[in-house]
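Shown below: entry_24.pdb, with PDB, C-alpha atoms and all ligand atoms.
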ATOM      1  CA  MET A  30      27.250 -95.598 -14.923
ATOM      2  CA  SER A  31      27.176 -92.001 -16.177
ATOM      3  CA  ASP A  32      29.252 -91.080 -19.221
ATOM      4  CA  LEU A  33      30.920 -87.658 -19.288
ATOM      5  CA  ARG A  34      32.040 -87.878 -22.926
ATOM      6  CA  VAL A  35      30.634 -85.188 -25.232
ATOM      7  CA  ARG A  36      30.697 -84.390 -28.940
ATOM      8  CA  ILE A  37      30.936 -80.869 -30.322
ATOM      9  CA  GLY A  38      30.304 -81.613 -33.980
ATOM     10  CA  ASN A  39      33.060 -84.056 -34.878
ATOM     11  CA  ILE A  40      35.263 -83.219 -31.888
ATOM     12  CA  GLU A  41      34.923 -85.760 -29.085
ATOM     13  CA  LEU A  42      36.012 -84.870 -25.544
ATOM     14  CA  ASP A  43      36.403 -87.310 -22.647
ATOM     15  CA  ARG A  44      35.105 -84.663 -20.250
ATOM     16  CA  PRO A  45      32.643 -81.826 -20.927
ATOM     17  CA  GLY A  46      34.530 -78.887 -19.352
ATOM     18  CA  MET A  47      37.170 -76.864 -21.207
ATOM     19  CA  VAL A  48      39.463 -74.074 -20.110
ATOM     20  CA  ALA A  49      38.088 -70.805 -21.549
ATOM     21  CA  SER A  50      40.329 -68.584 -23.643
ATOM     22  CA  GLY A  51      42.571 -66.255 -21.644
ATOM     23  CA  ILE A  52      42.821 -68.336 -18.460
ATOM     24  CA  MET A  53      46.076 -70.205 -17.740
ATOM     25  CA  ASP A  54      46.571 -70.799 -21.449
ATOM     26  CA  GLU A  55      49.204 -68.290 -22.531
ATOM     27  CA  THR A  56      52.037 -70.822 -22.694
ATOM     28  CA  GLY A  57      52.558 -74.430 -23.717
ATOM     29  CA  ASP A  58      53.417 -75.346 -20.111
ATOM     30  CA  THR A  59      50.252 -73.855 -18.597
ATOM     31  CA  MET A  60      48.061 -75.482 -21.274
ATOM     32  CA  VAL A  61      49.679 -78.875 -20.544
ATOM     33  CA  ARG A  62      49.097 -78.346 -16.821
ATOM     34  CA  MET A  63      45.421 -77.540 -17.353
ATOM     35  CA  LEU A  64      44.921 -80.646 -19.504
ATOM     36  CA  GLY A  65      46.134 -82.705 -16.540
ATOM     37  CA  CYS A  66      43.512 -81.216 -14.189
ATOM     38  CA  GLY A  67      40.333 -82.801 -15.530
ATOM     39  CA  ALA A  68      39.625 -80.406 -18.416
ATOM     40  CA  GLY A  69      38.477 -82.106 -21.625
ATOM     41  CA  ALA A  70      40.340 -79.526 -23.747
ATOM     42  CA  VAL A  71      41.972 -76.124 -23.494
ATOM     43  CA  VAL A  72      41.161 -73.059 -25.588
ATOM     44  CA  SER A  73      44.345 -71.054 -26.088
ATOM     45  CA  LYS A  74      44.727 -67.380 -25.272
ATOM     46  CA  SER A  75      43.414 -65.328 -28.233
ATOM     47  CA  VAL A  76      46.352 -64.672 -30.540
ATOM     48  CA  GLY A  77      46.702 -61.992 -33.206
ATOM     49  CA  THR A  78      49.032 -61.338 -36.107
ATOM     50  CA  ASN A  79      51.611 -59.251 -34.221
ATOM     51  CA  PRO A  80      52.909 -59.204 -30.635
ATOM     52  CA  ASN A  81      50.572 -57.126 -28.454
ATOM     53  CA  PRO A  82      51.501 -55.881 -24.946
ATOM     54  CA  GLY A  83      47.817 -55.339 -24.065
ATOM     55  CA  HIS A  84      46.547 -52.529 -21.867
ATOM     56  CA  ARG A  85      48.701 -51.196 -19.048
ATOM     57  CA  ASN A  86      47.829 -51.686 -15.359
ATOM     58  CA  PRO A  87      45.399 -51.554 -13.674
ATOM     59  CA  ASN A  88      43.700 -54.057 -15.937
ATOM     60  CA  PHE A  89      42.091 -56.577 -13.545
ATOM     61  CA  THR A  90      40.065 -56.266 -10.330
ATOM     62  CA  GLU A  91      37.418 -58.083  -8.335
ATOM     63  CA  VAL A  92      33.884 -56.722  -8.022
ATOM     64  CA  ALA A  93      30.842 -58.126  -6.173
ATOM     65  CA  SER A  94      30.359 -61.734  -7.363
ATOM     66  CA  GLY A  95      32.685 -61.307 -10.297
ATOM     67  CA  CYS A  96      35.768 -59.722 -11.766
ATOM     68  CA  ILE A  97      36.430 -57.208 -14.455
ATOM     69  CA  ASN A  98      39.363 -57.159 -16.818
ATOM     70  CA  ALA A  99      40.679 -55.126 -19.683
ATOM     71  CA  MET A 100      43.797 -57.093 -20.482
ATOM     72  CA  GLY A 101      43.553 -55.847 -24.093
ATOM     73  CA  LEU A 102      44.419 -59.249 -25.612
ATOM     74  CA  PRO A 103      48.128 -59.384 -24.660
ATOM     75  CA  ASN A 104      49.878 -62.103 -26.675
ATOM     76  CA  PRO A 105      53.198 -62.779 -28.370
ATOM     77  CA  GLY A 106      51.789 -62.872 -31.926
ATOM     78  CA  ILE A 107      51.031 -65.901 -34.067
ATOM     79  CA  GLU A 108      54.637 -66.622 -35.111
ATOM     80  CA  ALA A 109      55.956 -66.838 -31.539
ATOM     81  CA  PHE A 110      52.898 -68.832 -30.442
ATOM     82  CA  ARG A 111      53.977 -71.749 -32.642
ATOM     83  CA  GLU A 112      56.344 -73.019 -29.950
ATOM     84  CA  GLU A 113      53.639 -72.897 -27.244
ATOM     85  CA  MET A 114      51.098 -74.724 -29.397
ATOM     86  CA  GLU A 115      53.528 -77.401 -30.501
ATOM     87  CA  LYS A 116      54.255 -78.223 -26.852
ATOM     88  CA  ALA A 117      50.569 -78.169 -25.819
ATOM     89  CA  VAL A 118      49.065 -80.260 -28.647
ATOM     90  CA  LYS A 119      51.285 -83.207 -27.675
ATOM     91  CA  ALA A 120      49.397 -83.384 -24.343
ATOM     92  CA  GLY A 121      45.771 -83.186 -25.550
ATOM     93  CA  LYS A 122      43.137 -81.283 -27.480
ATOM     94  CA  ILE A 123      43.843 -77.578 -27.951
ATOM     95  CA  ILE A 124      41.431 -75.181 -29.619
ATOM     96  CA  GLY A 125      43.347 -72.252 -31.104
ATOM     97  CA  SER A 126      41.689 -68.898 -30.376
ATOM     98  CA  VAL A 127      42.434 -66.029 -32.770
ATOM     99  CA  TYR A 128      41.382 -62.414 -33.219
ATOM    100  CA  GLY A 129      41.665 -60.166 -36.239
ATOM    101  CA  ALA A 130      40.208 -57.085 -37.865
ATOM    102  CA  SER A 131      39.192 -58.538 -41.247
ATOM    103  CA  PRO A 132      38.075 -61.839 -42.823
ATOM    104  CA  GLN A 133      41.514 -62.211 -44.440
ATOM    105  CA  GLU A 134      43.346 -61.729 -41.156
ATOM    106  CA  PHE A 135      41.107 -64.258 -39.369
ATOM    107  CA  ALA A 136      41.594 -66.755 -42.210
ATOM    108  CA  SER A 137      45.354 -66.433 -42.124
ATOM    109  CA  LEU A 138      45.558 -66.762 -38.308
ATOM    110  CA  ALA A 139      43.213 -69.750 -38.286
ATOM    111  CA  GLY A 140      45.355 -71.431 -40.947
ATOM    112  CA  ARG A 141      48.427 -70.996 -38.753
ATOM    113  CA  MET A 142      46.629 -72.494 -35.732
ATOM    114  CA  GLU A 143      45.626 -75.458 -37.883
ATOM    115  CA  ASP A 144      49.259 -75.877 -38.977
ATOM    116  CA  TYR A 145      50.309 -75.818 -35.316
ATOM    117  CA  GLY A 146      48.017 -78.794 -34.559
ATOM    118  CA  ALA A 147      44.888 -77.137 -33.099
ATOM    119  CA  CYS A 148      41.937 -79.569 -33.262
ATOM    120  CA  ALA A 149      39.576 -76.619 -33.882
ATOM    121  CA  VAL A 150      39.795 -72.847 -34.068
ATOM    122  CA  GLU A 151      37.750 -70.419 -31.983
ATOM    123  CA  LEU A 152      37.187 -66.981 -33.511
ATOM    124  CA  ASN A 153      37.105 -64.251 -30.902
ATOM    125  CA  LEU A 154      34.305 -62.042 -32.243
ATOM    126  CA  SER A 155      33.448 -60.841 -28.787
ATOM    127  CA  CYS A 156      36.201 -59.163 -26.727
ATOM    128  CA  PRO A 157      34.637 -55.931 -25.359
ATOM    129  CA  HIS A 158      37.856 -53.969 -24.755
ATOM    130  CA  ALA A 159      40.037 -54.216 -27.899
ATOM    131  CA  LYS A 160      39.559 -51.359 -30.360
ATOM    132  CA  GLY A 161      38.874 -52.549 -33.902
ATOM    133  CA  TYR A 162      38.655 -56.196 -32.823
ATOM    134  CA  GLY A 163      36.390 -58.563 -30.915
ATOM    135  CA  MET A 164      32.819 -57.375 -30.465
ATOM    136  CA  GLU A 165      33.469 -54.419 -32.778
ATOM    137  CA  VAL A 166      33.533 -56.918 -35.659
ATOM    138  CA  GLY A 167      31.249 -59.482 -33.989
ATOM    139  CA  THR A 168      28.033 -57.471 -33.655
ATOM    140  CA  ASP A 169      27.395 -57.043 -37.388
ATOM    141  CA  PRO A 170      25.840 -60.193 -38.905
ATOM    142  CA  VAL A 171      27.169 -59.336 -42.402
ATOM    143  CA  MET A 172      30.730 -59.014 -41.108
ATOM    144  CA  VAL A 173      30.338 -62.175 -38.989
ATOM    145  CA  LYS A 174      29.207 -64.097 -42.067
ATOM    146  CA  SER A 175      32.126 -62.948 -44.165
ATOM    147  CA  ILE A 176      34.678 -63.711 -41.425
ATOM    148  CA  VAL A 177      33.303 -67.211 -40.833
ATOM    149  CA  SER A 178      33.071 -67.926 -44.604
ATOM    150  CA  ALA A 179      36.666 -66.819 -45.151
ATOM    151  CA  VAL A 180      37.909 -69.017 -42.290
ATOM    152  CA  LYS A 181      35.846 -71.997 -43.465
ATOM    153  CA  ASP A 182      37.476 -71.666 -46.901
ATOM    154  CA  ALA A 183      40.931 -71.541 -45.304
ATOM    155  CA  VAL A 184      40.904 -74.464 -42.822
ATOM    156  CA  LYS A 185      39.722 -78.065 -42.554
ATOM    157  CA  VAL A 186      39.422 -78.130 -38.746
ATOM    158  CA  PRO A 187      36.065 -77.138 -37.160
ATOM    159  CA  VAL A 188      35.437 -73.419 -36.794
ATOM    160  CA  TRP A 189      33.899 -72.284 -33.498
ATOM    161  CA  VAL A 190      32.728 -68.707 -33.028
ATOM    162  CA  LYS A 191      32.727 -67.011 -29.633
ATOM    163  CA  VAL A 192      29.925 -64.484 -29.426
ATOM    164  CA  THR A 193      29.259 -61.441 -27.288
ATOM    165  CA  PRO A 194      26.281 -60.858 -25.008
ATOM    166  CA  ASN A 195      26.686 -57.114 -25.674
ATOM    167  CA  THR A 196      24.050 -57.056 -28.413
ATOM    168  CA  HIS A 197      20.275 -57.253 -28.812
ATOM    169  CA  ILE A 198      20.618 -59.299 -32.018
ATOM    170  CA  LEU A 199      22.337 -62.380 -30.627
ATOM    171  CA  ALA A 200      20.001 -64.736 -32.511
ATOM    172  CA  ASP A 201      20.873 -62.969 -35.805
ATOM    173  CA  ILE A 202      24.575 -63.289 -35.036
ATOM    174  CA  GLY A 203      24.075 -66.990 -34.295
ATOM    175  CA  LYS A 204      22.228 -67.487 -37.587
ATOM    176  CA  ALA A 205      24.991 -65.654 -39.469
ATOM    177  CA  VAL A 206      27.526 -68.095 -37.978
ATOM    178  CA  GLU A 207      25.386 -71.076 -38.951
ATOM    179  CA  ASP A 208      24.642 -69.785 -42.482
ATOM    180  CA  ALA A 209      28.360 -69.282 -43.113
ATOM    181  CA  GLY A 210      29.108 -72.896 -42.156
ATOM    182  CA  GLY A 211      30.382 -72.308 -38.603
ATOM    183  CA  ASP A 212      30.650 -75.588 -36.688
ATOM    184  CA  ALA A 213      29.815 -74.365 -33.169
ATOM    185  CA  ILE A 214      28.964 -71.243 -31.190
ATOM    186  CA  VAL A 215      30.651 -70.438 -27.882
ATOM    187  CA  ALA A 216      28.524 -68.177 -25.641
ATOM    188  CA  ILE A 217      29.416 -65.897 -23.884
ATOM    189  CA  ASN A 218      32.403 -63.592 -23.671
ATOM    190  CA  THR A 219      32.515 -60.902 -20.978
ATOM    191  CA  LEU A 220      29.978 -58.082 -20.580
ATOM    192  CA  LYS A 221      30.973 -54.473 -21.158
ATOM    193  CA  ALA A 222      31.468 -52.925 -17.714
ATOM    194  CA  MET A 223      33.412 -50.351 -15.720
ATOM    195  CA  VAL A 224      34.414 -49.302 -12.190
ATOM    196  CA  ILE A 225      34.773 -45.702 -10.941
ATOM    197  CA  VAL A 226      36.734 -44.836  -7.791
ATOM    198  CA  PRO A 227      34.776 -42.078  -5.990
ATOM    199  CA  GLU A 228      37.854 -40.767  -4.127
ATOM    200  CA  PHE A 229      39.706 -40.232  -7.418
ATOM    201  CA  GLY A 230      36.612 -39.231  -9.367
ATOM    202  CA  LYS A 231      37.957 -41.406 -12.196
ATOM    203  CA  PRO A 232      37.597 -44.864 -13.735
ATOM    204  CA  LEU A 233      39.810 -47.446 -12.007
ATOM    205  CA  MET A 234      41.098 -49.248 -15.069
ATOM    206  CA  SER A 235      43.578 -47.853 -17.535
ATOM    207  CA  ASN A 236      41.261 -48.712 -20.435
ATOM    208  CA  LYS A 237      38.204 -47.398 -18.552
ATOM    209  CA  VAL A 238      35.816 -49.872 -20.263
ATOM    210  CA  CYS A 239      36.326 -53.529 -19.366
ATOM    211  CA  GLY A 240      34.708 -56.967 -19.447
ATOM    212  CA  LEU A 241      32.723 -58.453 -16.546
ATOM    213  CA  SER A 242      33.031 -62.183 -15.831
ATOM    214  CA  GLY A 243      32.356 -64.617 -12.986
ATOM    215  CA  LYS A 244      29.358 -65.748 -10.950
ATOM    216  CA  CYS A 245      27.281 -62.626 -11.606
ATOM    217  CA  ILE A 246      27.127 -63.209 -15.385
ATOM    218  CA  LYS A 247      25.824 -66.798 -15.245
ATOM    219  CA  PRO A 248      22.110 -65.954 -15.670
ATOM    220  CA  ILE A 249      22.983 -63.831 -18.711
ATOM    221  CA  GLY A 250      25.047 -66.625 -20.235
ATOM    222  CA  VAL A 251      22.335 -69.200 -19.598
ATOM    223  CA  ARG A 252      19.761 -66.928 -21.263
ATOM    224  CA  ALA A 253      22.106 -66.407 -24.238
ATOM    225  CA  VAL A 254      22.477 -70.178 -24.706
ATOM    226  CA  TRP A 255      18.696 -70.556 -24.320
ATOM    227  CA  ASP A 256      18.079 -67.981 -27.085
ATOM    228  CA  LEU A 257      20.719 -69.489 -29.384
ATOM    229  CA  HIS A 258      19.285 -72.991 -28.905
ATOM    230  CA  SER A 259      15.996 -71.707 -30.331
ATOM    231  CA  ALA A 260      17.745 -69.905 -33.218
ATOM    232  CA  VAL A 261      20.349 -72.392 -34.541
ATOM    233  CA  SER A 262      20.927 -76.128 -34.963
ATOM    234  CA  ILE A 263      24.730 -76.172 -34.640
ATOM    235  CA  PRO A 264      26.316 -77.143 -31.285
ATOM    236  CA  ILE A 265      26.540 -74.510 -28.547
ATOM    237  CA  VAL A 266      29.267 -74.374 -25.902
ATOM    238  CA  GLY A 267      28.273 -72.514 -22.710
ATOM    239  CA  VAL A 268      30.621 -70.225 -20.770
ATOM    240  CA  GLY A 269      30.115 -67.560 -18.122
ATOM    241  CA  GLY A 270      30.067 -67.892 -14.341
ATOM    242  CA  ILE A 271      30.304 -71.681 -14.109
ATOM    243  CA  TYR A 272      31.718 -72.576 -10.672
ATOM    244  CA  ASP A 273      30.133 -75.945  -9.885
ATOM    245  CA  HIS A 274      28.252 -78.822 -11.518
ATOM    246  CA  ARG A 275      24.858 -77.182 -10.967
ATOM    247  CA  ASP A 276      26.002 -74.107 -12.925
ATOM    248  CA  ALA A 277      27.213 -76.400 -15.725
ATOM    249  CA  LEU A 278      23.874 -78.246 -15.694
ATOM    250  CA  GLU A 279      21.973 -74.980 -16.171
ATOM    251  CA  TYR A 280      23.939 -74.325 -19.365
ATOM    252  CA  ILE A 281      23.494 -77.909 -20.581
ATOM    253  CA  MET A 282      19.760 -77.900 -19.921
ATOM    254  CA  ALA A 283      19.482 -74.518 -21.717
ATOM    255  CA  GLY A 284      21.052 -76.148 -24.795
ATOM    256  CA  ALA A 285      24.835 -76.401 -24.425
ATOM    257  CA  CYS A 286      26.585 -79.636 -25.376
ATOM    258  CA  ALA A 287      29.746 -78.731 -23.426
ATOM    259  CA  PHE A 288      31.050 -75.833 -21.344
ATOM    260  CA  GLN A 289      34.103 -73.728 -20.542
ATOM    261  CA  LEU A 290      35.428 -72.276 -17.283
ATOM    262  CA  GLY A 291      37.286 -69.010 -16.865
ATOM    263  CA  SER A 292      36.962 -67.040 -13.613
ATOM    264  CA  ALA A 293      36.336 -70.171 -11.502
ATOM    265  CA  VAL A 294      39.821 -71.400 -12.415
ATOM    266  CA  LEU A 295      41.284 -68.062 -11.317
ATOM    267  CA  ASP A 296      39.251 -68.047  -8.067
ATOM    268  CA  ASN A 297      39.329 -71.716  -7.056
ATOM    269  CA  GLY A 298      42.247 -73.220  -8.974
ATOM    270  CA  PRO A 299      42.346 -75.942 -11.617
ATOM    271  CA  GLY A 300      40.927 -78.553  -9.176
ATOM    272  CA  VAL A 301      37.501 -77.118 -10.032
ATOM    273  CA  PHE A 302      37.364 -79.353 -13.146
ATOM    274  CA  ASP A 303      37.630 -82.577 -11.117
ATOM    275  CA  SER A 304      35.062 -81.421  -8.602
ATOM    276  CA  ILE A 305      32.599 -80.484 -11.392
ATOM    277  CA  ASN A 306      33.174 -83.856 -13.086
ATOM    278  CA  ARG A 307      32.447 -85.694  -9.820
ATOM    279  CA  GLY A 308      29.365 -83.555  -9.190
ATOM    280  CA  LEU A 309      28.016 -84.245 -12.683
ATOM    281  CA  GLU A 310      28.515 -88.001 -12.289
ATOM    282  CA  ALA A 311      26.741 -88.036  -8.921
ATOM    283  CA  PHE A 312      23.856 -85.949 -10.294
ATOM    284  CA  MET A 313      23.477 -88.118 -13.395
ATOM    285  CA  ASP A 314      23.491 -91.312 -11.301
ATOM    286  CA  GLU A 315      20.895 -89.909  -8.919
ATOM    287  CA  TYR A 316      18.555 -88.562 -11.600
ATOM    288  CA  GLY A 317      18.993 -91.395 -14.110
ATOM    289  CA  TYR A 318      20.796 -89.621 -16.974
ATOM    290  CA  SER A 319      23.342 -91.787 -18.770
ATOM    291  CA  SER A 320      25.020 -89.038 -20.834
ATOM    292  CA  ILE A 321      25.413 -85.262 -21.033
ATOM    293  CA  LYS A 322      23.573 -85.455 -24.371
ATOM    294  CA  ASP A 323      20.493 -86.809 -22.532
ATOM    295  CA  MET A 324      20.255 -83.498 -20.650
ATOM    296  CA  GLU A 325      21.069 -81.131 -23.528
ATOM    297  CA  GLY A 326      18.297 -78.558 -23.974
ATOM    298  CA  ILE A 327      15.775 -80.422 -21.812
ATOM    299  CA  ALA A 328      14.618 -77.214 -20.125
ATOM    300  CA  HIS A 329      12.939 -76.305 -23.453
ATOM    301  CA  GLU A 330      10.742 -79.424 -23.449
TER     302      GLU A 330
HETATM  303  C1  LIG B   1      41.604 -62.369 -17.429
HETATM  304  C2  LIG B   1      40.713 -62.781 -18.568
HETATM  305  C3  LIG B   1      41.236 -62.868 -19.859
HETATM  306  C4  LIG B   1      40.421 -63.265 -20.932
HETATM  307  N1  LIG B   1      40.949 -63.367 -22.181
HETATM  308  C5  LIG B   1      40.182 -63.808 -23.215
HETATM  309  C6  LIG B   1      40.740 -64.004 -24.504
HETATM  310  O1  LIG B   1      41.931 -63.804 -24.753
HETATM  311  N2  LIG B   1      39.897 -64.419 -25.500
HETATM  312  C7  LIG B   1      38.562 -64.697 -25.289
HETATM  313  O2  LIG B   1      37.851 -65.101 -26.220
HETATM  314  N3  LIG B   1      38.005 -64.550 -24.051
HETATM  315  C8  LIG B   1      38.794 -64.106 -23.027
HETATM  316  N4  LIG B   1      38.249 -63.977 -21.781
HETATM  317  C9  LIG B   1      36.817 -64.300 -21.566
HETATM  318  C10 LIG B   1      36.637 -65.732 -21.013
HETATM  319  O3  LIG B   1      37.140 -66.693 -21.906
HETATM  320  C11 LIG B   1      35.159 -66.016 -20.711
HETATM  321  O4  LIG B   1      34.415 -65.961 -21.908
HETATM  322  C12 LIG B   1      34.550 -65.037 -19.718
HETATM  323  O5  LIG B   1      35.480 -64.726 -18.696
HETATM  324  C13 LIG B   1      33.267 -65.577 -19.096
HETATM  325  O6  LIG B   1      33.518 -66.786 -18.419
HETATM  326  P1  LIG B   1      33.802 -66.876 -16.825
HETATM  327  O7  LIG B   1      32.682 -66.149 -16.144
HETATM  328  O8  LIG B   1      33.829 -68.353 -16.550
HETATM  329  O9  LIG B   1      35.102 -66.227 -16.588
HETATM  330  C14 LIG B   1      39.050 -63.576 -20.698
HETATM  331  C15 LIG B   1      38.524 -63.495 -19.390
HETATM  332  C16 LIG B   1      39.334 -63.101 -18.331
HETATM  333  C17 LIG B   1      38.737 -63.019 -16.947
END
Let's see the structure in the file written out as structure tokens.
Amino acid sequence: MSDLRVRIGNIELDRPGMVASGIMDETGDTMVRMLGCGAGAVVSKSVGTNPNPGHRNPNFTEVASGCINAMGLPNPGIEAFREEMEKAVKAGKIIGSVYGASPQEFASLAGRMEDYGACAVELNLSCPHAKGYGMEVGTDPVMVKSIVSAVKDAVKVPVWVKVTPNTHILADIGKAVEDAGGDAIVAINTLKAMVIVPEFGKPLMSNKVCGLSGKCIKPIGVRAVWDLHSAVSIPIVGVGGIYDHRDALEYIMAGACAFQLGSAVLDNGPGVFDSINRGLEAFMDEYGYSSIKDMEGIAHE
């Protein structure tokens, strides 16, 4: 019988799929609901030091085989998020996602998430549409190293780092995470993108530049995991365009030990976790794999 349990460092999950940051995870109630839908864990919305209204509308639209968003990291701030986390952690494993502009800010936010009961923290070093944050601090290996080191000094829980595909030095970023003691890499966040409306002669979105997610980014995410698998030895979590068990298997065989779902939850609802879990079990039974670990990185062999 196939076993869907996975380990990401010292975090064990009963099921390999997690809810990606920013998707149905802004409140304690939505995180609890997602935990009941077959997800092994939920990554919280990325939270910063102060309340942030995000970018004004329009900030989300569908495009061919994907969607683009420039939400601008709306969140209530770390103090108000305490209540949401305390509700959610009673129901299962929550990874607390944070964003900041400096190593000190990341360290302080991560410490708060640890206090709130997060089983790990995920550092958002990859949002493509938040000035001064996200990929603006996550594409410089020196900065990445100092952020991860500062957070490692501040918390005992595992430190995961979510990286951007918007760089030609992804392997260097991955090595910087590993050298600084990071416990896992999450790849990928959205790709820098935009939409122009010909009739208006202007960009559609209020922030102009946005992040592309969904089915169309899967091959880029799989390649990113493939490259990271060759560059680092720490666990890799795959995310980007996973809609069914075959998509998840591509990430696993490229080198991911677990995966996250974002746009598929928005498009197809939370039932997508159960259907992926069933698909993985059927595949593993048919092809003779007893665990997810047995398939991790096998495309490199
Ligand atoms: C509406 C929306 C909001 C998002 N918010 C966050 C966020 O707060 N922090 C973060 O690290 N990633 C955020 N992301 C990126 C996703 O977590 C994920 O990395 C990306 O969408 C690729 O996965 P997908 O193709 O399965 O959606 C967001 C994505 C979307 C579509």
Residues within 10 Å of (29.5, -67.2, -22.1), counting only C-alpha atoms, listed as a PyMOL selection string: chain A and resi 49+191-194+214-220+242-243+246-254+266-271+280+288-291
The PyMOL selection byres (((chain A and resi 107) around 7) and not hetatm) resolved against shown file, as an MDAnalysis selection string: chainID A and resid 76:79 105:106 108:111 138
The PyMOL selection byres (((chain A and resi 120) around 12) and not hetatm) resolved against shown file, as a list of chain:residue names: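 Selected by the PyMOL selection byres (((chain A and resi 120) around 12) and not hetatm) in this file: A:Gly57, A:Asp58, A:Thr59, A:Met60, A:Val61, A:Arg62, A:Met63, A:Leu64, A:Gly65, A:Cys66, A:Ala68, A:Gly69, A:Ala70, A:Val71, A:Glu113, A:Met114, A:Glu115, A:Lys116, A:Ala117, A:Val118, A:Lys119, A:Gly121, A:Lys122, A:Ile123, A:Gly146, A:Ala147.
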Top pick for closest residue to ligand LIG 1 (chain B), considering A:Pro227, A:Gly101, A:Gly51, A:Gly203 and counting all atoms listed in the file: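 Between A:Pro227, A:Gly101, A:Gly51, A:Gly203, the residue approaching ligand LIG 1 (chain B) most closely is A:Gly51.
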Atom pair atom C7 of ligand LIG 1 (chain B) / atom CA of Ser50 of chain A: separation (Å):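 A separation of 4.6 Å between them.
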Straight-line distance linking atom CA of Asn236 of chain A with atom CA of His158 of chain A, stated in Å to one decimal: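 One can read the atom CA of Asn236 of chain A to atom CA of His158 of chain A distance as 7.6 Å.
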Residues selected by the PyMOL selection byres (((chain A and resi 97-100) around 8) and not hetatm), written as a PyMOL selection string: chain A and resi 83-85+88-92+95-96+101-103+158+222-223+234+236+238-242
